[in-house]
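Engineer: JSON, C-alpha atoms and all ligand atoms, saved as protein.json, coming up:
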```
[["chain", "number", "residue", "atom", "x", "y", "z"],
["A", 1, "MET", "CA", 0.00, 0.00, 0.00],
["A", 2, "ARG", "CA", 2.97, 2.20, 0.53],
["A", 3, "ARG", "CA", 2.90, 4.51, -2.47],
["A", 4, "VAL", "CA", 5.93, 6.43, -1.56],
["A", 5, "SER", "CA", 6.72, 9.68, -3.20],
["A", 6, "CYS", "CA", 9.96, 11.52, -3.20],
["A", 7, "ALA", "CA", 10.30, 9.60, 0.02],
["A", 8, "ARG", "CA", 11.05, 5.96, -0.30],
["A", 9, "VAL", "CA", 11.92, 3.79, 2.62],
["A", 10, "LEU", "CA", 14.32, 1.07, 1.69],
["A", 11, "PRO", "CA", 12.57, -1.96, 3.19],
["A", 12, "LEU", "CA", 9.35, -0.82, 1.60],
["A", 13, "ALA", "CA", 11.02, -0.29, -1.71],
["A", 14, "LEU", "CA", 12.17, -3.88, -1.50],
["A", 15, "LEU", "CA", 8.67, -5.01, -0.63],
["A", 16, "LEU", "CA", 7.23, -3.08, -3.53],
["A", 17, "VAL", "CA", 9.80, -4.41, -5.92],
["A", 18, "THR", "CA", 8.63, -7.84, -4.87],
["A", 19, "LEU", "CA", 5.06, -6.70, -5.39],
["A", 20, "ALA", "CA", 5.74, -5.61, -8.91],
["A", 21, "ALA", "CA", 6.21, -9.25, -9.76],
["A", 22, "VAL", "CA", 2.83, -10.19, -8.27],
["A", 23, "PRO", "CA", -0.26, -10.07, -10.52],
["A", 24, "ALA", "CA", -2.47, -7.12, -9.67],
["A", 25, "ASP", "CA", -5.28, -9.19, -8.22],
["A", 26, "ALA", "CA", -3.14, -11.56, -6.23],
["A", 27, "GLY", "CA", -4.06, -11.50, -2.60],
["A", 28, "ALA", "CA", -6.99, -9.18, -3.15],
["A", 29, "GLY", "CA", -9.26, -11.78, -1.63],
["A", 30, "GLY", "CA", -7.42, -11.43, 1.61],
["A", 31, "ALA", "CA", -8.03, -7.70, 1.80],
["A", 32, "GLY", "CA", -10.86, -7.99, 4.28],
["A", 33, "ALA", "CA", -8.95, -10.27, 6.60],
["A", 34, "GLY", "CA", -5.70, -8.36, 6.35],
["A", 35, "ALA", "CA", -7.43, -5.05, 6.79],
["A", 36, "GLY", "CA", -8.53, -5.94, 10.30],
["A", 37, "VAL", "CA", -8.01, -3.69, 13.29],
["A", 38, "GLY", "CA", -5.47, -6.03, 14.86],
["A", 39, "ALA", "CA", -2.02, -4.58, 15.24],
["A", 40, "GLY", "CA", -0.29, -5.56, 12.08],
["A", 41, "ALA", "CA", -2.18, -8.82, 11.83],
["A", 42, "GLY", "CA", -0.84, -10.30, 8.64],
["A", 43, "VAL", "CA", -0.34, -6.94, 6.98],
["A", 44, "GLY", "CA", 3.36, -7.55, 6.72],
["A", 45, "ALA", "CA", 2.82, -10.33, 4.24],
["A", 46, "VAL", "CA", 3.72, -9.29, 0.74],
["A", 47, "GLY", "CA", 0.42, -10.21, -0.90],
["A", 48, "THR", "CA", -1.49, -8.44, 1.82],
["A", 49, "VAL", "CA", 0.47, -5.22, 1.41],
["A", 50, "ASP", "CA", -0.57, -5.19, -2.22],
["A", 51, "ALA", "CA", -4.16, -5.81, -1.23],
["A", 52, "VAL", "CA", -4.06, -3.01, 1.32],
["A", 53, "ARG", "CA", -2.74, -0.59, -1.28],
["A", 54, "GLY", "CA", -5.52, -1.33, -3.72],
["A", 55, "GLU", "CA", -8.14, -1.42, -1.02],
["A", 56, "ALA", "CA", -6.95, 1.93, 0.37],
["A", 57, "ALA", "CA", -7.11, 3.57, -3.06],
["A", 58, "ARG", "CA", -10.67, 2.34, -3.53],
["A", 59, "ALA", "CA", -11.65, 3.54, -0.04],
["A", 60, "VAL", "CA", -10.16, 6.99, -0.70],
["A", 61, "ARG", "CA", -12.21, 7.32, -3.90],
["A", 62, "ALA", "CA", -15.35, 6.11, -2.11],
["A", 63, "HIS", "CA", -14.71, 8.59, 0.67],
["A", 64, "GLU", "CA", -14.33, 11.49, -1.72],
["A", 65, "THR", "CA", -17.54, 10.51, -3.50],
["A", 66, "ALA", "CA", -19.31, 10.33, -0.14],
["A", 67, "ARG", "CA", -17.85, 13.68, 0.89],
["A", 68, "ALA", "CA", -18.97, 15.33, -2.34],
["A", 69, "ARG", "CA", -22.45, 13.96, -1.73],
["A", 70, "VAL", "CA", -22.52, 15.45, 1.77],
["A", 71, "ASP", "CA", -21.39, 18.80, 0.33],
["A", 72, "ARG", "CA", -24.11, 18.69, -2.33],
["A", 73, "LEU", "CA", -26.80, 17.85, 0.22],
["A", 74, "ARG", "CA", -25.64, 20.69, 2.45],
["A", 75, "ALA", "CA", -25.56, 23.15, -0.42],
["A", 76, "ALA", "CA", -29.07, 22.08, -1.41],
["A", 77, "ASP", "CA", -30.34, 22.51, 2.17],
["A", 78, "ALA", "CA", -31.42, 18.88, 2.26],
["A", 79, "LEU", "CA", -33.22, 17.37, 5.22],
["A", 80, "PRO", "CA", -30.92, 17.14, 8.25],
["A", 81, "THR", "CA", -31.62, 13.40, 8.53],
["A", 82, "LYS", "CA", -30.49, 12.94, 4.95],
["A", 83, "ILE", "CA", -27.29, 14.88, 5.53],
["A", 84, "LYS", "CA", -26.64, 12.97, 8.74],
["A", 85, "SER", "CA", -26.99, 9.62, 7.08],
["A", 86, "ALA", "CA", -24.69, 10.64, 4.22],
["A", 87, "GLU", "CA", -22.20, 11.92, 6.75],
["A", 88, "ARG", "CA", -22.39, 8.63, 8.67],
["A", 89, "ARG", "CA", -21.57, 6.74, 5.51],
["A", 90, "ARG", "CA", -18.58, 8.97, 4.84],
["A", 91, "LYS", "CA", -17.28, 8.55, 8.37],
["A", 92, "LYS", "CA", -17.69, 4.78, 8.23],
["A", 93, "ILE", "CA", -15.57, 4.60, 5.08],
["A", 94, "ARG", "CA", -12.92, 6.73, 6.72],
["A", 95, "ALA", "CA", -12.95, 4.75, 10.00],
["A", 96, "ASP", "CA", -12.44, 1.45, 8.16],
["A", 97, "LEU", "CA", -9.64, 2.93, 6.07],
["A", 98, "TRP", "CA", -8.07, 4.42, 9.19],
["A", 99, "ASP", "CA", -7.95, 1.02, 10.94],
["A", 100, "MET", "CA", -6.51, -0.63, 7.87],
["A", 101, "LEU", "CA", -3.79, 1.96, 7.31],
["A", 102, "TRP", "CA", -2.90, 2.17, 10.98],
["A", 103, "ALA", "CA", -2.25, -1.57, 11.02],
["A", 104, "ALA", "CA", -0.37, -1.42, 7.72],
["A", 105, "GLY", "CA", 1.63, 1.59, 8.92],
["A", 106, "ARG", "CA", 2.64, -0.19, 12.13],
["A", 107, "ALA", "CA", 3.68, -3.24, 10.19],
["A", 108, "SER", "CA", 5.80, -1.23, 7.77],
["A", 109, "GLY", "CA", 7.32, 1.00, 10.43],
["A", 110, "ASP", "CA", 5.70, 4.26, 9.32],
["A", 111, "PRO", "CA", 6.73, 6.58, 12.21],
["A", 112, "VAL", "CA", 3.37, 8.35, 12.13],
["A", 113, "ALA", "CA", 1.69, 5.06, 13.03],
["A", 114, "VAL", "CA", 4.45, 3.77, 15.29],
["A", 115, "ASN", "CA", 5.38, 6.86, 17.28],
["A", 116, "LYS", "CA", 3.72, 10.09, 16.37],
["A", 117, "SER", "CA", 6.15, 12.19, 18.40],
["A", 118, "GLY", "CA", 9.30, 11.06, 16.68],
["A", 119, "ARG", "CA", 11.67, 8.20, 17.22],
["A", 120, "GLY", "CA", 12.35, 7.92, 20.91],
["A", 121, "GLY", "CA", 13.46, 11.52, 21.18],
["A", 122, "LYS", "CA", 16.19, 11.01, 18.62],
["A", 123, "CYS", "CA", 14.93, 13.52, 16.09],
["A", 124, "ALA", "CA", 17.43, 16.33, 15.72],
["A", 125, "PHE", "CA", 14.78, 19.01, 15.99],
["A", 126, "GLN", "CA", 13.63, 17.84, 19.41],
["A", 127, "SER", "CA", 16.58, 19.24, 21.32],
["A", 128, "ARG", "CA", 15.76, 22.67, 19.92],
["A", 129, "ASN", "CA", 12.30, 22.45, 21.39],
["A", 130, "LYS", "CA", 13.19, 21.58, 24.97],
["A", 131, "LYS", "CA", 11.84, 24.83, 26.33],
["A", 132, "LYS", "CA", 8.65, 24.38, 24.45],
["A", 133, "SER", "CA", 8.32, 20.88, 25.77],
["A", 134, "LYS", "CA", 8.57, 22.13, 29.35],
["A", 135, "ASN", "CA", 5.91, 24.68, 28.68],
["A", 136, "LYS", "CA", 3.80, 22.03, 27.14],
["A", 137, "SER", "CA", 3.84, 19.83, 30.24],
["A", 138, "LYS", "CA", 3.00, 22.92, 32.25],
["A", 139, "ALA", "CA", 0.14, 23.62, 29.94],
["A", 140, "LYS", "CA", -1.10, 20.10, 30.49],
["A", 141, "THR", "CA", -1.52, 20.73, 34.18],
["A", 142, "SER", "CA", -3.79, 23.67, 33.48],
["A", 143, "PRO", "CA", -6.61, 22.62, 31.23],
["A", 144, "LYS", "CA", -7.57, 26.23, 30.66],
["A", 145, "ALA", "CA", -4.29, 26.86, 28.88],
["A", 146, "LYS", "CA", -5.69, 26.91, 25.42],
["A", 147, "ALA", "CA", -8.70, 28.98, 26.36],
["A", 148, "SER", "CA", -6.87, 31.89, 27.92],
["A", 149, "LYS", "CA", -4.15, 33.90, 26.31],
["A", 150, "ALA", "CA", -2.09, 34.30, 29.48],
["A", 151, "PRO", "CA", -0.33, 30.89, 29.51],
["A", 152, "LYS", "CA", 0.73, 31.49, 25.96],
["A", 153, "ALA", "CA", 2.89, 34.44, 26.87],
["A", 154, "PRO", "CA", 5.67, 32.50, 28.64],
["A", 155, "LYS", "CA", 6.09, 30.40, 25.53],
["A", 156, "ALA", "CA", 7.01, 33.46, 23.53],
["A", 157, "LEU", "CA", 10.43, 33.81, 25.03],
["A", 158, "LYS", "CA", 11.82, 35.64, 22.06],
["A", 159, "ALA", "CA", 8.96, 37.93, 21.10],
["A", 160, "PRO", "CA", 6.05, 38.17, 23.52],
["A", 161, "LYS", "CA", 4.53, 41.08, 21.67],
["A", 162, "ALA", "CA", 4.54, 39.24, 18.37],
["A", 163, "LYS", "CA", 2.99, 36.26, 20.12],
["A", 164, "GLN", "CA", 0.20, 38.41, 21.49],
["A", 165, "ASP", "CA", -0.43, 39.75, 18.04],
["A", 166, "LYS", "CA", -0.45, 36.18, 16.83],
["A", 167, "ALA", "CA", -2.98, 35.20, 19.48],
["A", 168, "ALA", "CA", -5.22, 38.05, 18.42],
["A", 169, "ALA", "CA", -4.82, 37.05, 14.81],
["A", 170, "GLU", "CA", -5.63, 33.47, 15.74],
["A", 171, "LYS", "CA", -8.90, 34.53, 17.30],
["A", 172, "LYS", "CA", -9.70, 36.55, 14.24],
["A", 173, "ALA", "CA", -8.81, 33.60, 12.06],
["A", 174, "ARG", "CA", -11.20, 31.42, 13.98],
["A", 175, "ASP", "CA", -13.93, 33.98, 13.56],
["A", 176, "THR", "CA", -13.45, 34.28, 9.85],
["A", 177, "ALA", "CA", -13.80, 30.89, 8.30],
["A", 178, "ARG", "CA", -11.73, 31.78, 5.25],
["A", 179, "SER", "CA", -8.36, 31.54, 6.82],
["A", 180, "TRP", "CA", -6.64, 29.00, 4.63],
["A", 181, "THR", "CA", -3.35, 29.57, 2.92],
["A", 182, "ALA", "CA", -0.68, 27.96, 0.75],
["A", 183, "PRO", "CA", 1.86, 25.84, 2.68],
["A", 184, "THR", "CA", 4.84, 27.97, 1.67],
["A", 185, "ARG", "CA", 5.85, 31.08, -0.28],
["A", 186, "ASP", "CA", 8.06, 31.86, -3.25],
["A", 187, "TYR", "CA", 7.77, 28.39, -4.67],
["A", 188, "TRP", "CA", 7.27, 26.86, -8.01],
["A", 189, "LEU", "CA", 5.29, 23.69, -8.37],
["A", 190, "SER", "CA", 7.40, 20.70, -9.22],
["A", 191, "ALA", "CA", 6.07, 17.13, -9.11],
["A", 192, "GLY", "CA", 2.30, 17.03, -8.98],
["A", 193, "TYR", "CA", -0.12, 14.61, -7.38],
["A", 194, "ALA", "CA", -0.29, 11.15, -8.97],
["A", 195, "ALA", "CA", 2.68, 11.91, -11.19],
["A", 196, "SER", "CA", 4.62, 8.82, -12.07],
["A", 197, "GLY", "CA", 8.32, 8.57, -12.56],
["A", 198, "ALA", "CA", 11.50, 6.80, -11.69],
["A", 199, "ARG", "CA", 11.65, 8.57, -8.35],
["A", 200, "TRP", "CA", 8.52, 6.88, -7.03],
["A", 201, "ALA", "CA", 7.72, 3.24, -6.49],
["A", 202, "HIS", "CA", 4.13, 4.11, -7.41],
["A", 203, "ARG", "CA", 2.33, 7.34, -8.03],
["A", 204, "HIS", "CA", 3.34, 10.51, -6.26],
["A", 205, "THR", "CA", 1.18, 10.91, -3.16],
["A", 206, "GLY", "CA", 1.45, 14.66, -2.81],
["A", 207, "GLN", "CA", 2.30, 17.97, -4.41],
["A", 208, "ASP", "CA", 5.90, 19.16, -4.39],
["A", 209, "PHE", "CA", 6.69, 22.83, -3.84],
["A", 210, "ALA", "CA", 10.21, 23.63, -4.98],
["A", 211, "VAL", "CA", 11.73, 26.00, -2.41],
["A", 212, "SER", "CA", 15.24, 26.45, -1.13],
["A", 213, "THR", "CA", 16.19, 25.03, 2.24],
["A", 214, "GLY", "CA", 15.14, 27.28, 5.11],
["A", 215, "THR", "CA", 11.93, 28.60, 3.54],
["A", 216, "PRO", "CA", 9.15, 28.90, 6.14],
["A", 217, "VAL", "CA", 6.45, 26.21, 5.92],
["A", 218, "TYR", "CA", 2.98, 27.15, 7.13],
["A", 219, "ALA", "CA", -0.07, 25.27, 8.34],
["A", 220, "VAL", "CA", -2.56, 25.67, 5.49],
["A", 221, "GLY", "CA", -5.43, 25.98, 7.94],
["A", 222, "PRO", "CA", -6.29, 25.86, 11.62],
["A", 223, "GLY", "CA", -5.81, 22.53, 13.33],
["A", 224, "THR", "CA", -3.88, 20.42, 15.78],
["A", 225, "VAL", "CA", -0.46, 18.90, 15.19],
["A", 226, "ARG", "CA", -1.07, 15.19, 14.99],
["A", 227, "ALA", "CA", 2.51, 14.05, 14.56],
["A", 228, "THR", "CA", 6.07, 15.28, 14.18],
["A", 229, "THR", "CA", 8.44, 12.53, 13.13],
["A", 230, "CYS", "CA", 11.76, 11.93, 11.51],
["A", 231, "GLY", "CA", 13.87, 9.14, 10.24],
["A", 232, "ASP", "CA", 11.92, 7.68, 7.35],
["A", 233, "GLY", "CA", 11.87, 8.62, 3.68],
["A", 234, "PHE", "CA", 9.84, 11.72, 4.47],
["A", 235, "GLY", "CA", 12.61, 13.01, 6.72],
["A", 236, "ASN", "CA", 11.40, 15.53, 9.28],
["A", 237, "GLN", "CA", 7.68, 15.78, 8.82],
["A", 238, "VAL", "CA", 4.64, 17.35, 10.44],
["A", 239, "VAL", "CA", 1.09, 16.05, 10.15],
["A", 240, "VAL", "CA", -1.75, 18.43, 11.06],
["A", 241, "ARG", "CA", -5.37, 17.50, 11.67],
["A", 242, "HIS", "CA", -7.94, 20.06, 10.52],
["A", 243, "PRO", "CA", -11.44, 20.62, 11.86],
["A", 244, "ASP", "CA", -13.02, 19.18, 8.72],
["A", 245, "GLY", "CA", -11.37, 15.84, 9.48],
["A", 246, "TYR", "CA", -8.67, 16.04, 6.79],
["A", 247, "PHE", "CA", -4.97, 15.89, 7.54],
["A", 248, "THR", "CA", -2.13, 17.76, 5.87],
["A", 249, "GLN", "CA", 1.43, 16.53, 5.77],
["A", 250, "TYR", "CA", 4.59, 18.65, 5.36],
["A", 251, "ALA", "CA", 7.72, 16.62, 4.65],
["A", 252, "HIS", "CA", 11.50, 16.86, 4.17],
["A", 253, "LEU", "CA", 11.73, 19.79, 6.62],
["A", 254, "SER", "CA", 15.10, 21.00, 7.87],
["A", 255, "ARG", "CA", 13.55, 22.12, 11.12],
["A", 256, "ILE", "CA", 10.31, 21.54, 13.02],
["A", 257, "ASP", "CA", 8.93, 24.26, 15.30],
["A", 258, "VAL", "CA", 5.85, 22.50, 16.68],
["A", 259, "ARG", "CA", 5.05, 19.45, 18.76],
["A", 260, "ALA", "CA", 2.35, 16.85, 18.59],
["A", 261, "GLY", "CA", -0.81, 18.10, 20.29],
["A", 262, "LYS", "CA", -0.14, 21.79, 19.60],
["A", 263, "ARG", "CA", -2.97, 23.82, 18.15],
["A", 264, "VAL", "CA", -2.01, 25.82, 15.12],
["A", 265, "LYS", "CA", -3.74, 28.48, 13.08],
["A", 266, "ALA", "CA", -3.75, 29.01, 9.37],
["A", 267, "GLY", "CA", -0.47, 30.46, 8.24],
["A", 268, "GLN", "CA", 1.36, 29.55, 11.43],
["A", 269, "ARG", "CA", 4.91, 28.44, 10.85],
["A", 270, "LEU", "CA", 5.43, 24.71, 11.37],
["A", 271, "GLY", "CA", 9.12, 24.70, 10.51],
["A", 272, "LEU", "CA", 11.52, 25.27, 7.66],
["A", 273, "SER", "CA", 11.75, 23.46, 4.37],
["A", 274, "GLY", "CA", 14.69, 21.27, 3.66],
["A", 275, "ALA", "CA", 15.95, 18.13, 2.03],
["A", 276, "THR", "CA", 15.73, 15.52, 4.78],
["A", 277, "GLY", "CA", 14.67, 11.99, 3.99],
["A", 278, "ASN", "CA", 14.80, 10.52, 0.53],
["A", 279, "VAL", "CA", 15.00, 13.46, -1.87],
["A", 280, "THR", "CA", 16.97, 14.60, -4.85],
["A", 281, "GLY", "CA", 16.92, 18.24, -3.77],
["A", 282, "PRO", "CA", 15.29, 20.67, -1.32],
["A", 283, "HIS", "CA", 11.51, 20.98, -1.59],
["A", 284, "LEU", "CA", 8.35, 20.77, 0.44],
["A", 285, "HIS", "CA", 6.32, 17.62, -0.08],
["A", 286, "PHE", "CA", 2.70, 18.45, 0.79],
["A", 287, "GLU", "CA", -0.11, 15.94, 1.12],
["A", 288, "VAL", "CA", -3.77, 16.07, 2.01],
["A", 289, "ARG", "CA", -5.01, 12.86, 3.60],
["A", 290, "ILE", "CA", -8.24, 11.53, 5.01],
["A", 291, "THR", "CA", -6.34, 9.72, 7.79],
["A", 292, "PRO", "CA", -2.95, 10.55, 9.34],
["A", 293, "TYR", "CA", -1.40, 7.68, 7.41],
["A", 294, "LEU", "CA", 0.26, 7.21, 4.10],
["A", 295, "GLY", "CA", -2.05, 5.67, 1.53],
["A", 296, "SER", "CA", -5.02, 7.96, 2.14],
["A", 297, "SER", "CA", -4.05, 11.04, 0.16],
["A", 298, "VAL", "CA", -6.42, 13.01, -2.08],
["A", 299, "PRO", "CA", -5.53, 15.52, -4.83],
["A", 300, "PRO", "CA", -4.16, 18.43, -2.76],
["A", 301, "LEU", "CA", -4.65, 21.37, -5.13],
["A", 302, "PRO", "CA", -8.41, 20.87, -5.71],
["A", 303, "TRP", "CA", -8.74, 20.42, -1.95],
["A", 304, "LEU", "CA", -6.97, 23.75, -1.38],
["A", 305, "ARG", "CA", -9.14, 25.39, -4.05],
["A", 306, "ARG", "CA", -12.22, 24.33, -2.12],
["A", 307, "LYS", "CA", -10.75, 26.38, 0.75],
["A", 308, "ASP", "CA", -10.30, 29.36, -1.59],
["A", 309, "VAL", "CA", -6.55, 28.87, -1.77],
["A", 310, "ARG", "CA", -5.12, 29.31, -5.24],
["A", 311, "VAL", "CA", -1.81, 27.71, -5.73],
["A", 312, "VAL", "CA", -0.17, 29.08, -8.82],
["A", 313, "ARG", "CA", 2.60, 27.73, -10.89],
["B", 1, "ZN", "ZN", 6.80, 14.77, -3.10]]
```
Spell out the structure here as structure tokens.
Structural biologist:
Amino acid sequence: MRRVSCARVLPLALLLVTLAAVPADAGAGGAGAGAGVGAGAGVGAVGTVDAVRGEAARAVRAHETARARVDRLRAADALPTKIKSAERRRKKIRADLWDMLWAAGRASGDPVAVNKSGRGGKCAFQSRNKKKSKNKSKAKTSPKAKASKAPKAPKALKAPKAKQDKAAAEKKARDTARSWTAPTRDYWLSAGYAASGARWAHRHTGQDFAVSTGTPVYAVGPGTVRATTCGDGFGNQVVVRHPDGYFTQYAHLSRIDVRAGKRVKAGQRLGLSGATGNVTGPHLHFEVRITPYLGSSVPPLPWLRRKDVRVVR
């Protein structure tokens, strides 16, 4: 299932090479069994990985169809019961896919599924964030932390005023729904979604933004940091969960400025672009997913356009 992009983890590449020799339908019958919730139950088997990949792609398409239907019903002011039932169907598709990809991700060692806060504290960026981590544990003891602005001030050791401005802007952003933005600036679009090429074992799972190392990378919308990891083909990466249930992924970063669990607003800096992981040069790899895991990505530019974000070439 691992359709790796500019990032390709070696063991997976080997698995996929093996898969290439397997007929497309081989093992598809086992999809249901292999897709179970059990931790990695049988997903490591070569045939099952192939089945998971195909199954995930079908589930993503079904989810997007279901989501479009919900949108249409909402736009048409359909009966609330009708909208609810369509929404239930969409969430069921996503929940099943989530379970499947979580198990597959654990089996393949995807750090987002294995350890969403990095690899045992060994990520280079973590030492930079020690102060933040202390503040975070402090914040945990006071549940009101996120509601009031006061606990935020100590975090802004370098620029408290800027932070206050940020907090005000955050509130404003929450008030105005149209707060989405492009994930970086001064880019040109390189490899697009579903592009195929020698660099990828399968189709490209995201959109690449060519930027030089050190370019700020922003959360495209408000959300919560789901994972910050390092060490696989994606290098240093951040995964953000948005209120609409979608996730965005920012990969190959040279630096990460946020931690798992942190709330972010649209346009907030997550880190700096780079060339970590398996890349041929510095760029931002950006994905939109319906789960936190690889294998559930949707076309990112149309998704951004639905949020009124125009990404230009
Ligand atoms: Zn990419």
Engineer: Residues within 10 Å of ligand ZN 1 (chain B) (only C-alpha atoms and all ligand atoms), as a PyMOL selection string?
Structural biologist: chain A and resi 4-7+190-195+199-200+203-210+234+250-252+278-279+283-287
Engineer: Keeping only C-alpha atoms, write the selected residues to a file as a PDB file, in the frame of the given file.
Structural biologist:
```pdb
ATOM      1  CA  VAL A   4       5.930   6.430  -1.560  1.00  0.00           C
ATOM      2  CA  SER A   5       6.720   9.680  -3.200  1.00  0.00           C
ATOM      3  CA  CYS A   6       9.960  11.520  -3.200  1.00  0.00           C
ATOM      4  CA  ALA A   7      10.300   9.600   0.020  1.00  0.00           C
ATOM      5  CA  SER A 190       7.400  20.700  -9.220  1.00  0.00           C
ATOM      6  CA  ALA A 191       6.070  17.130  -9.110  1.00  0.00           C
ATOM      7  CA  GLY A 192       2.300  17.030  -8.980  1.00  0.00           C
ATOM      8  CA  TYR A 193      -0.120  14.610  -7.380  1.00  0.00           C
ATOM      9  CA  ALA A 194      -0.290  11.150  -8.970  1.00  0.00           C
ATOM     10  CA  ALA A 195       2.680  11.910 -11.190  1.00  0.00           C
ATOM     11  CA  ARG A 199      11.650   8.570  -8.350  1.00  0.00           C
ATOM     12  CA  TRP A 200       8.520   6.880  -7.030  1.00  0.00           C
ATOM     13  CA  ARG A 203       2.330   7.340  -8.030  1.00  0.00           C
ATOM     14  CA  HIS A 204       3.340  10.510  -6.260  1.00  0.00           C
ATOM     15  CA  THR A 205       1.180  10.910  -3.160  1.00  0.00           C
ATOM     16  CA  GLY A 206       1.450  14.660  -2.810  1.00  0.00           C
ATOM     17  CA  GLN A 207       2.300  17.970  -4.410  1.00  0.00           C
ATOM     18  CA  ASP A 208       5.900  19.160  -4.390  1.00  0.00           C
ATOM     19  CA  PHE A 209       6.690  22.830  -3.840  1.00  0.00           C
ATOM     20  CA  ALA A 210      10.210  23.630  -4.980  1.00  0.00           C
ATOM     21  CA  PHE A 234       9.840  11.720   4.470  1.00  0.00           C
ATOM     22  CA  TYR A 250       4.590  18.650   5.360  1.00  0.00           C
ATOM     23  CA  ALA A 251       7.720  16.620   4.650  1.00  0.00           C
ATOM     24  CA  HIS A 252      11.500  16.860   4.170  1.00  0.00           C
ATOM     25  CA  ASN A 278      14.800  10.520   0.530  1.00  0.00           C
ATOM     26  CA  VAL A 279      15.000  13.460  -1.870  1.00  0.00           C
ATOM     27  CA  HIS A 283      11.510  20.980  -1.590  1.00  0.00           C
ATOM     28  CA  LEU A 284       8.350  20.770   0.440  1.00  0.00           C
ATOM     29  CA  HIS A 285       6.320  17.620  -0.080  1.00  0.00           C
ATOM     30  CA  PHE A 286       2.700  18.450   0.790  1.00  0.00           C
ATOM     31  CA  GLU A 287      -0.110  15.940   1.120  1.00  0.00           C
TER      32      GLU A 287
END
```
Engineer: Take the point (-3.7, 5.9, 0.6) as written in the file and pick out every residue within 9 Å of it, counting all atoms listed in the file; give the list as a PyMOL selection string.
Structural biologist: chain A and resi 1-3+52-60+97+101+205+289-291+293-298
Engineer: Report, in Å with one decimal, the straight-line distance from atom CA of A:Trp98 to atom CA of A:Arg67.
Structural biologist: 15.8 Å
Engineer: Report, in Å with one decimal, the straight-line distance from atom CA of A:Pro292 to atom CA of A:Val211.
Structural biologist: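 Interatomic distance, atom CA of A:Pro292 to atom CA of A:Val211: 24.3 Å.
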Engineer: So that I can see what lies close to A:Leu304, please list as a list in words the residues with an atom at most 10 Å from it, counting only C-alpha atoms and leaving out residues fewer than 6 positions away in the same chain.
Structural biologist: Trp180, Thr181, Ala182, Pro183, Val220, Gly221, Val288, Arg310 and Val311 of chain A
Engineer: Work out how far atom CA of A:Leu301 is from atom CA of A:Arg185, in Å to one decimal.
Structural biologist: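 If I compute the distance from atom CA of A:Arg185 to atom CA of A:Leu301, I get 15.1 Å.
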Engineer: Given the choices A:Asp165, A:Thr81, A:Trp188, A:Lys91, which gets closest to A:Asp244 if the distance is worked out from all atoms listed in the file?
Structural biologist: A:Lys91
